[in-house]
$ cat model_17.txt   # compact mmCIF, C-alpha atoms (C1' of nucleotides)
# COMPACT_ATOMS: atom_id res chain seq x y z
CA MET A 7 0.00 0.00 0.00
CA THR A 8 2.93 2.33 0.53
CA PRO A 9 4.14 3.95 -2.65
CA THR A 10 7.33 4.76 -0.69
CA PRO A 11 6.86 8.08 1.17
CA PRO A 12 9.42 10.83 0.48
CA PRO A 13 13.02 10.01 1.56
CA THR A 14 13.40 13.53 2.86
CA THR A 15 16.58 13.43 4.94
CA GLY A 16 19.58 11.28 5.63
CA PRO A 17 20.13 9.10 8.69
CA VAL A 18 16.49 8.58 9.64
CA SER A 19 14.80 5.46 8.37
CA PRO A 20 12.72 6.77 5.48
CA SER A 21 10.21 3.95 5.88
CA VAL A 22 8.49 5.90 8.66
CA SER A 23 5.93 8.45 7.47
CA ASP A 24 5.93 12.09 8.52
CA ALA A 25 2.56 11.59 10.19
CA GLU A 26 3.92 8.68 12.25
CA LEU A 27 6.97 10.73 13.16
CA LEU A 28 4.73 13.53 14.37
CA ARG A 29 3.50 11.06 16.95
CA LEU A 30 6.86 9.45 17.70
CA ASP A 31 8.22 12.91 18.10
CA HIS A 32 5.47 13.72 20.52
CA GLN A 33 6.69 10.84 22.61
CA VAL A 34 10.38 11.66 22.53
CA CYS A 35 10.37 15.36 23.21
CA PHE A 36 7.58 14.97 25.67
CA SER A 37 9.29 12.13 27.55
CA LEU A 38 12.37 14.21 28.11
CA HIS A 39 10.39 17.28 29.04
CA ALA A 40 8.27 15.30 31.50
CA ALA A 41 11.26 13.51 33.02
CA SER A 42 13.07 16.77 33.52
CA ARG A 43 10.09 18.30 35.29
CA ALA A 44 9.48 15.18 37.36
CA PHE A 45 13.11 15.42 38.50
CA GLY A 46 12.50 19.05 39.33
CA GLY A 47 9.59 18.09 41.55
CA VAL A 48 11.58 15.53 43.53
CA TYR A 49 14.46 17.97 43.94
CA ARG A 50 12.03 20.64 45.04
CA ASP A 51 11.00 18.43 47.95
CA ALA A 52 14.54 17.32 48.79
CA LEU A 53 15.93 20.86 48.68
CA LYS A 54 13.11 22.60 50.50
CA ASP A 55 14.87 22.23 53.86
CA LEU A 56 18.04 23.75 52.41
CA GLY A 57 16.14 26.71 51.01
CA LEU A 58 17.52 26.06 47.53
CA THR A 59 15.85 25.71 44.16
CA TYR A 60 17.08 23.10 41.72
CA PRO A 61 19.15 25.49 39.56
CA GLN A 62 20.52 27.17 42.68
CA TYR A 63 21.58 23.72 43.88
CA LEU A 64 23.36 23.11 40.57
CA ALA A 65 25.27 26.37 41.01
CA MET A 66 26.20 25.42 44.58
CA LEU A 67 27.42 22.00 43.37
CA VAL A 68 29.82 23.74 41.01
CA LEU A 69 31.16 25.92 43.82
CA TRP A 70 31.41 23.03 46.29
CA GLU A 71 33.34 20.99 43.76
CA HIS A 72 35.61 23.54 42.16
CA GLY A 73 35.83 26.49 44.55
CA PRO A 74 35.62 30.21 43.79
CA GLN A 75 35.25 31.08 40.13
CA PRO A 76 33.98 33.76 37.77
CA VAL A 77 30.37 33.90 36.65
CA LYS A 78 31.44 32.96 33.14
CA ALA A 79 33.04 29.69 34.30
CA ILE A 80 29.92 28.71 36.22
CA GLY A 81 27.88 29.54 33.16
CA GLU A 82 30.01 27.31 30.96
CA GLN A 83 29.65 24.35 33.30
CA LEU A 84 25.88 24.77 33.65
CA ARG A 85 25.37 26.00 30.07
CA LEU A 86 23.61 29.09 31.39
CA ASP A 87 24.16 32.69 30.35
CA SER A 88 24.43 35.79 32.49
CA GLY A 89 20.79 36.59 31.94
CA THR A 90 19.93 33.53 34.01
CA LEU A 91 22.92 33.47 36.35
CA SER A 92 23.07 37.10 37.40
CA PRO A 93 19.72 37.17 39.21
CA LEU A 94 20.21 33.60 40.48
CA LEU A 95 23.56 34.47 42.06
CA LYS A 96 22.13 37.65 43.51
CA ARG A 97 19.50 35.55 45.26
CA LEU A 98 22.18 33.20 46.60
CA GLU A 99 24.08 36.25 47.82
CA ALA A 100 20.94 37.67 49.46
CA ALA A 101 20.55 34.28 51.19
CA GLY A 102 24.08 34.67 52.57
CA LEU A 103 25.49 31.63 50.75
CA VAL A 104 27.87 33.32 48.32
CA ARG A 105 29.82 36.52 47.94
CA ARG A 106 30.49 38.25 44.61
CA GLU A 107 33.64 40.29 44.08
CA ARG A 108 34.99 42.17 41.09
CA SER A 109 38.28 40.62 40.05
CA PRO A 110 41.19 43.05 40.60
CA GLU A 111 43.05 41.72 37.53
CA ASP A 112 40.07 42.04 35.20
CA GLU A 113 37.46 44.52 36.30
CA ARG A 114 34.94 43.00 33.88
CA SER A 115 34.94 39.70 35.73
CA VAL A 116 33.08 38.88 38.96
CA THR A 117 34.38 36.04 41.10
CA VAL A 118 31.83 34.09 43.13
CA HIS A 119 32.99 32.76 46.52
CA LEU A 120 31.22 30.57 49.05
CA THR A 121 30.58 32.18 52.42
CA ASP A 122 31.17 30.07 55.54
CA GLU A 123 27.45 29.45 55.62
CA GLY A 124 27.48 28.38 51.99
CA ALA A 125 30.37 25.99 52.57
CA GLU A 126 28.63 24.51 55.61
CA LEU A 127 25.48 23.89 53.60
CA ARG A 128 27.34 21.15 51.73
CA GLU A 129 27.10 18.90 54.78
CA ARG A 130 23.35 19.19 54.79
CA ALA A 131 23.24 18.56 51.03
CA LEU A 132 25.22 15.32 51.23
CA PRO A 133 22.22 13.02 51.81
CA VAL A 134 20.20 14.56 48.96
CA PRO A 135 21.66 12.57 46.03
CA ARG A 136 21.05 9.20 47.67
CA ARG A 137 17.47 10.23 48.22
CA ILE A 138 17.09 11.24 44.58
CA LEU A 139 18.80 8.13 43.29
CA ALA A 140 16.44 6.00 45.35
CA ALA A 141 13.46 7.89 43.95
CA THR A 142 14.50 7.15 40.37
CA GLY A 143 14.07 3.42 40.89
CA LEU A 144 16.97 2.87 38.49
CA SER A 145 20.17 0.95 39.10
CA VAL A 146 23.48 2.76 39.13
CA GLU A 147 24.31 1.03 35.84
CA GLU A 148 21.14 2.29 34.22
CA ILE A 149 21.84 5.79 35.53
CA LEU A 150 25.30 5.72 34.04
CA GLY A 151 23.98 4.48 30.72
CA LEU A 152 21.31 7.17 30.69
CA GLN A 153 23.90 9.78 31.52
CA GLN A 154 26.11 8.70 28.67
CA LEU A 155 23.24 8.64 26.18
CA LEU A 156 22.06 12.08 27.32
CA GLY A 157 25.59 13.40 27.01
CA ARG A 158 25.80 12.23 23.41
CA LEU A 159 22.36 13.63 22.74
CA THR A 160 23.18 17.04 24.17
CA GLY A 161 26.43 17.16 22.23
CA ALA A 162 24.65 16.35 18.98
CA LEU A 163 21.85 18.82 19.62
CA ASP A 164 24.24 21.60 20.61
CA GLY A 165 26.22 20.87 17.48
CA ALA A 166 23.16 20.88 15.24
CA GLN A 167 22.17 24.38 16.30
CA GLY A 168 23.14 26.66 19.13
CA MET I 5 28.62 11.14 63.70
CA THR I 6 28.29 7.65 62.25
CA PRO I 7 31.63 5.82 61.99
CA THR I 8 30.01 3.33 59.60
CA PRO I 9 28.84 4.60 56.22
CA PRO I 10 25.07 4.76 56.58
CA PRO I 11 23.12 2.00 54.80
CA THR I 12 20.47 4.62 54.30
CA THR I 13 18.28 3.31 51.52
CA GLY I 14 17.50 0.19 49.64
CA PRO I 15 18.36 -0.25 45.98
CA VAL I 16 21.40 2.03 45.92
CA SER I 17 24.75 0.39 46.33
CA PRO I 18 25.89 1.51 49.80
CA SER I 19 29.52 1.10 48.81
CA VAL I 20 29.40 4.53 47.18
CA SER I 21 30.09 7.41 49.57
CA ASP I 22 27.81 10.40 49.96
CA ALA I 23 30.56 12.64 48.68
CA GLU I 24 30.93 10.56 45.52
CA LEU I 25 27.18 10.56 45.07
CA LEU I 26 27.17 14.33 45.33
CA ARG I 27 29.25 14.28 42.17
CA LEU I 28 27.43 11.46 40.42
CA ASP I 29 24.23 13.28 41.18
CA HIS I 30 25.65 16.39 39.64
CA GLN I 31 26.11 14.40 36.47
CA VAL I 32 22.68 12.79 36.38
CA CYS I 33 20.43 15.69 37.15
CA PHE I 34 22.57 17.99 35.15
CA SER I 35 22.66 15.70 32.11
CA LEU I 36 18.90 15.59 31.98
CA HIS I 37 18.55 19.30 32.57
CA ALA I 38 21.08 20.08 29.86
CA ALA I 39 19.56 17.63 27.38
CA SER I 40 16.12 19.07 27.93
CA ARG I 41 17.35 22.59 27.30
CA ALA I 42 19.40 21.52 24.29
CA PHE I 43 16.23 19.98 22.85
CA GLY I 44 14.46 23.23 23.56
CA GLY I 45 17.04 25.11 21.53
CA VAL I 46 16.70 22.87 18.48
CA TYR I 47 12.91 23.05 18.66
CA ARG I 48 13.13 26.81 18.99
CA ASP I 49 14.88 26.96 15.63
CA ALA I 50 12.60 24.40 13.99
CA LEU I 51 9.42 26.06 15.25
CA LYS I 52 10.40 29.66 14.62
CA ASP I 53 8.79 29.63 11.18
CA LEU I 54 5.56 28.29 12.66
CA GLY I 55 5.52 31.00 15.32
CA LEU I 56 5.25 28.40 18.07
CA THR I 57 7.23 27.85 21.24
CA TYR I 58 8.10 24.35 22.32
CA PRO I 59 5.34 24.01 24.95
CA GLN I 60 2.84 25.58 22.56
CA TYR I 61 3.87 22.95 20.00
CA LEU I 62 3.23 20.23 22.58
CA ALA I 63 -0.26 21.59 23.16
CA MET I 64 -0.91 21.72 19.42
CA LEU I 65 0.29 18.11 19.07
CA VAL I 66 -2.33 17.04 21.57
CA LEU I 67 -5.06 18.87 19.66
CA TRP I 68 -3.88 17.59 16.27
CA GLU I 69 -3.89 14.05 17.56
CA HIS I 70 -6.99 13.93 19.71
CA GLY I 71 -9.19 16.82 18.60
CA PRO I 72 -11.14 19.32 20.74
CA GLN I 73 -10.89 18.77 24.45
CA PRO I 74 -11.14 20.54 27.79
CA VAL I 75 -8.20 22.35 29.34
CA LYS I 76 -8.06 19.74 32.07
CA ALA I 77 -7.56 16.89 29.58
CA ILE I 78 -4.74 18.73 27.85
CA GLY I 79 -3.19 19.37 31.24
CA GLU I 80 -3.30 15.70 32.13
CA GLN I 81 -1.58 14.67 28.91
CA LEU I 82 1.14 17.31 29.23
CA ARG I 83 1.26 17.13 33.04
CA LEU I 84 0.69 20.88 33.23
CA ASP I 85 -1.73 22.74 35.46
CA SER I 86 -4.04 25.62 34.64
CA GLY I 87 -1.51 28.11 35.92
CA THR I 88 0.69 27.21 32.97
CA LEU I 89 -1.96 26.30 30.42
CA SER I 90 -4.35 29.21 30.81
CA PRO I 91 -1.94 31.89 29.60
CA LEU I 92 -0.40 29.54 27.03
CA LEU I 93 -3.79 28.78 25.48
CA LYS I 94 -4.70 32.44 25.56
CA ARG I 95 -1.59 33.15 23.49
CA LEU I 96 -2.53 30.40 21.03
CA GLU I 97 -5.98 31.93 20.82
CA ALA I 98 -4.53 35.40 20.27
CA ALA I 99 -2.45 33.87 17.45
CA GLY I 100 -5.67 32.59 15.89
CA LEU I 101 -4.77 28.90 16.20
CA VAL I 102 -7.36 27.78 18.76
CA ARG I 103 -10.75 28.78 20.05
CA ARG I 104 -11.87 28.37 23.66
CA GLU I 105 -15.53 27.76 24.49
CA ARG I 106 -17.33 27.21 27.76
CA SER I 107 -18.88 23.78 27.72
CA PRO I 108 -22.71 24.00 27.74
CA GLU I 109 -23.02 20.80 29.79
CA ASP I 110 -20.56 21.91 32.45
CA GLU I 111 -20.06 25.63 32.72
CA ARG I 112 -16.86 25.11 34.71
CA SER I 113 -15.15 23.45 31.77
CA VAL I 114 -13.60 25.18 28.76
CA THR I 115 -13.22 23.18 25.56
CA VAL I 116 -10.30 24.05 23.30
CA HIS I 117 -10.89 23.70 19.53
CA LEU I 118 -8.52 24.14 16.62
CA THR I 119 -9.38 26.93 14.23
CA ASP I 120 -9.02 26.27 10.50
CA GLU I 121 -5.71 28.05 10.68
CA GLY I 122 -4.62 25.89 13.61
CA ALA I 123 -5.61 22.70 11.78
CA GLU I 124 -3.76 23.81 8.67
CA LEU I 125 -0.62 24.48 10.66
CA ARG I 126 -0.24 20.72 11.11
CA GLU I 127 0.87 20.40 7.48
CA ARG I 128 3.69 22.83 8.06
CA ALA I 129 4.65 21.01 11.27
CA LEU I 130 4.94 17.62 9.60
CA PRO I 131 8.61 17.97 8.57
CA VAL I 132 9.68 19.17 12.03
CA PRO I 133 10.08 15.79 13.78
CA ARG I 134 12.32 14.37 11.06
CA ARG I 135 14.52 17.41 11.40
CA ILE I 136 14.71 16.98 15.17
CA LEU I 137 15.35 13.27 14.92
CA ALA I 138 18.21 13.94 12.51
CA ALA I 139 19.65 16.52 14.92
CA THR I 140 19.76 13.99 17.77
CA GLY I 141 22.23 11.79 15.92
CA LEU I 142 20.56 8.77 17.51
CA SER I 143 19.06 5.77 15.80
CA VAL I 144 15.34 5.11 16.03
CA GLU I 145 16.14 2.13 18.26
CA GLU I 146 18.14 4.28 20.67
CA ILE I 147 15.36 6.87 20.71
CA LEU I 148 12.82 4.20 21.58
CA GLY I 149 15.06 2.83 24.33
CA LEU I 150 15.60 6.30 25.74
CA GLN I 151 11.88 6.95 25.64
CA GLN I 152 11.12 3.80 27.53
CA LEU I 153 13.78 4.49 30.17
CA LEU I 154 12.54 8.05 30.60
CA GLY I 155 8.99 6.81 30.93
CA ARG I 156 9.99 4.46 33.74
CA LEU I 157 12.00 7.25 35.34
CA THR I 158 9.14 9.72 35.24
CA GLY I 159 6.74 7.17 36.63
CA ALA I 160 9.07 6.38 39.53
CA LEU I 161 9.75 10.05 40.26
CA ASP I 162 6.07 10.99 40.10
CA GLY I 163 5.34 8.10 42.43
CA ALA I 164 8.06 9.08 44.88
CA GLN I 165 6.64 12.56 45.37
CA GLY I 166 4.14 14.68 43.56
C1' DC T 11 -34.30 21.96 49.39
C1' DA T 12 -30.00 23.74 51.59
C1' DC T 13 -25.38 23.83 52.21
C1' DA T 14 -20.81 22.08 52.54
C1' DA T 15 -17.34 19.85 49.76
C1' DT T 16 -15.37 19.43 45.43
C1' DC T 17 -13.99 20.80 40.94
C1' DA T 18 -12.63 23.65 36.66
C1' DA T 19 -10.38 27.53 35.10
C1' DG T 20 -8.22 31.58 35.99
C1' DT T 21 -5.09 34.90 38.76
C1' DT T 22 -1.00 36.23 41.39
C1' DG T 23 3.69 35.91 42.73
C1' DT T 24 8.34 33.80 42.45
C1' DG T 25 11.89 31.88 39.91
C1' DC T 26 14.17 29.95 35.66
C1' DA T 27 15.51 30.24 30.41
C1' DC T 28 16.83 32.85 26.76
C1' DA T 29 17.13 36.63 23.21
C1' DA T 30 18.49 41.23 22.63
C1' DC T 31 20.60 44.91 24.40
C1' DT T 32 23.69 48.19 27.51
C1' DG T 33 27.93 49.71 29.61
C1' DA T 34 32.35 49.23 31.21
C1' DA T 35 36.92 47.09 30.63
C1' DT T 36 40.31 44.89 28.01
C1' DA T 37 42.87 43.22 23.91
C1' DG T 38 44.58 43.83 19.27
C1' DG T 39 45.62 45.97 14.83
C1' DG T 40 47.04 49.87 12.33
C1' DC B 12 49.42 55.25 20.80
C1' DC B 13 44.76 55.35 19.40
C1' DC B 14 40.75 53.29 18.09
C1' DT B 15 37.99 49.42 16.97
C1' DA B 16 36.49 44.86 18.25
C1' DT B 17 35.64 41.76 21.72
C1' DT B 18 34.54 40.26 26.31
C1' DC B 19 32.08 40.08 30.83
C1' DA B 20 28.36 41.06 33.69
C1' DG B 21 24.11 42.98 34.05
C1' DT B 22 19.29 44.58 32.45
C1' DT B 23 14.90 44.18 29.97
C1' DG B 24 11.18 41.71 28.00
C1' DT B 25 8.73 37.38 26.87
C1' DG B 26 7.32 32.96 28.01
C1' DC B 27 7.21 28.62 30.89
C1' DA B 28 6.63 26.06 35.64
C1' DC B 29 4.50 25.79 39.77
C1' DA B 30 2.49 27.00 44.44
C1' DA B 31 -1.20 29.31 46.52
C1' DC B 32 -5.27 31.42 46.04
C1' DT B 33 -9.96 33.12 43.94
C1' DT B 34 -14.31 32.57 41.56
C1' DG B 35 -18.05 30.32 39.96
C1' DA B 36 -20.38 25.80 38.84
C1' DT B 37 -21.57 21.24 40.25
C1' DT B 38 -22.11 17.34 43.32
C1' DG B 39 -23.34 14.99 47.41
C1' DT B 40 -25.52 14.60 51.80
C1' DG B 41 -28.45 15.67 55.42
$ encode --input "model_17.txt" --output "structure tokens"
Amino acid sequence: MTPTPPPTTGPVSPSVSDAELLRLDHQVCFSLHAASRAFGGVYRDALKDLGLTYPQYLAMLVLWEHGPQPVKAIGEQLRLDSGTLSPLLKRLEAAGLVRRERSPEDERSVTVHLTDEGAELRERALPVPRRILAATGLSVEEILGLQQLLGRLTGALDGAQG
Amino acid sequence: MTPTPPPTTGPVSPSVSDAELLRLDHQVCFSLHAASRAFGGVYRDALKDLGLTYPQYLAMLVLWEHGPQPVKAIGEQLRLDSGTLSPLLKRLEAAGLVRRERSPEDERSVTVHLTDEGAELRERALPVPRRILAATGLSVEEILGLQQLLGRLTGALDGAQG
DNA sequence: CACAATCAAGTTGTGCACAACTGAATAGGG
DNA sequence: CCCTATTCAGTTGTGCACAACTTGATTGTG
């Protein structure tokens, strides 16, 4: 019955129709979107006691792991620009967790430091990941596989546009 | 003050320290977050010509697939509440793609219909998924596997809290 | 019937994401 | 040395996500 639908583009099996892809696509993009927001919900609960949002927690992870660094470096690790980071870091500063200082060598740059309070918060954050990992219901192996696949995916998508 | 590493939860290998998990966790949550946003960027490009954002496209997919339905039903399929959907649908209505009508049977409910213009937009959206799929650099099999894993993940996370 | 509980959609307020832009500082080329 | 281009952080504006709340309709129970 199929008079061979148009072989529009390269690597994708051309035996699948556009109309079918519109549904498959629904599933893929939606699955990722939903998973990301479901993660956000679980983190919201886990981080409530710490007074952090999920992206604020990501920023704190960077500082806990790698110490004081400029806004730009944090942005590169989280793939966020200053339009997102500037207000986020100001909120962390208002909460007393970080300090922002103009770099003396380069007056354009602002270095973000942990305060004592911010450094101490790490202790209270330590049990969070185990809680999250348990909530995923996945094995460590599956998590690692997912991570690797997502890494490849992000690399390809970033390369395609952006 | 536990000298023994806490056997806190069940399925997670207790041989991994909290400190290591704090880094693993960084990778997992971050990978998903980054992948989701990378997807958003590619969709942004692909949907620019259609004048749709990514979440607006998701809402249109639901209407293209399943026809007119109440706001609540759309919200259940996209896992979005009225706080997100109400303004989004108002923007789609302002763009002339949908119409919203109070249901005569239940005056609380608002049914969302496609306009002719909204229905026609589907034709122009047909090539989008193939473009996205190509940008992922993944095979259809990998996509399906990812989808399935993400579905399990979302189910577990939604069950854990939310 | 009356009235409390529930339900749908919408509103408000906070925070994130990102494009487009501003302003100040620095680096580089003539 | 000057002047242009680039870089970094920040600001503005739009849209999404979600909690908490409001409003009006419906349902259920006494």
$ calpha_fit_rmsd --input "model_17.txt" --fixed "chain A" --moving "chain I"
1.8 Å
$ interface_residues --input "model_17.txt" --of "chain A" --to "chain I" --cutoff "6 Å" --atoms "all atoms listed in the file" --output "PDB file with C-alpha atoms, in the frame of the given file"
ATOM      1  CA  ASP A  24       5.930  12.090   8.520  1.00  0.00           C
ATOM      2  CA  LEU A  27       6.970  10.730  13.160  1.00  0.00           C
ATOM      3  CA  LEU A  28       4.730  13.530  14.370  1.00  0.00           C
ATOM      4  CA  ASP A  31       8.220  12.910  18.100  1.00  0.00           C
ATOM      5  CA  VAL A  34      10.380  11.660  22.530  1.00  0.00           C
ATOM      6  CA  ALA A  41      11.260  13.510  33.020  1.00  0.00           C
ATOM      7  CA  ALA A  44       9.480  15.180  37.360  1.00  0.00           C
ATOM      8  CA  LEU A 132      25.220  15.320  51.230  1.00  0.00           C
ATOM      9  CA  PRO A 135      21.660  12.570  46.030  1.00  0.00           C
ATOM     10  CA  ALA A 141      13.460   7.890  43.950  1.00  0.00           C
ATOM     11  CA  THR A 142      14.500   7.150  40.370  1.00  0.00           C
ATOM     12  CA  GLY A 143      14.070   3.420  40.890  1.00  0.00           C
ATOM     13  CA  GLN A 153      23.900   9.780  31.520  1.00  0.00           C
ATOM     14  CA  LEU A 159      22.360  13.630  22.740  1.00  0.00           C
ATOM     15  CA  THR A 160      23.180  17.040  24.170  1.00  0.00           C
ATOM     16  CA  ALA A 162      24.650  16.350  18.980  1.00  0.00           C
ATOM     17  CA  LEU A 163      21.850  18.820  19.620  1.00  0.00           C
ATOM     18  CA  ALA A 166      23.160  20.880  15.240  1.00  0.00           C
TER      19      ALA A 166
END
$ closest_atom_pairs --input "model_17.txt" --of "chain A" --to "chain T" --cutoff "9 Å" --atoms "all atoms listed in the file" --output "JSON lines"
{"residue": "A:Thr59", "atom": "CA", "partner": "T:DG25", "partner_atom": "C1'", "distance": 8.5}
{"residue": "A:Pro61", "atom": "CA", "partner": "T:DC26", "partner_atom": "C1'", "distance": 7.7}
{"residue": "A:Leu86", "atom": "CA", "partner": "T:DA27", "partner_atom": "C1'", "distance": 8.2}
{"residue": "A:Asp87", "atom": "CA", "partner": "T:DC28", "partner_atom": "C1'", "distance": 8.2}
{"residue": "A:Gly89", "atom": "CA", "partner": "T:DC28", "partner_atom": "C1'", "distance": 7.5}
{"residue": "A:Thr90", "atom": "CA", "partner": "T:DA27", "partner_atom": "C1'", "distance": 6.6}
{"residue": "A:Leu94", "atom": "CA", "partner": "T:DG25", "partner_atom": "C1'", "distance": 8.5}
{"residue": "A:Asp112", "atom": "CA", "partner": "T:DA35", "partner_atom": "C1'", "distance": 7.5}
{"residue": "A:Glu113", "atom": "CA", "partner": "T:DA35", "partner_atom": "C1'", "distance": 6.2}
{"residue": "A:Arg114", "atom": "CA", "partner": "T:DA35", "partner_atom": "C1'", "distance": 5.6}
$ interface_residues --input "model_17.txt" --of "chain A" --to "chain B" --cutoff "7 Å" --atoms "all atoms listed in the file" --output "PyMOL selection string"
chain A and resi 88+92+114-115
$ atom_distance --input "model_17.txt" --atom1 "atom CA of Leu56 of chain I" --atom2 "atom CA of Arg104 of chain I"
18.0 Å
$ atom_distance --input "model_17.txt" --atom1 "atom CA of Glu124 of chain I" --atom2 "atom CA of Leu101 of chain I"
9.1 Å
$ atom_distance --input "model_17.txt" --atom1 "atom CA of Ser109 of chain A" --atom2 "atom CA of Val77 of chain A"
10.9 Å
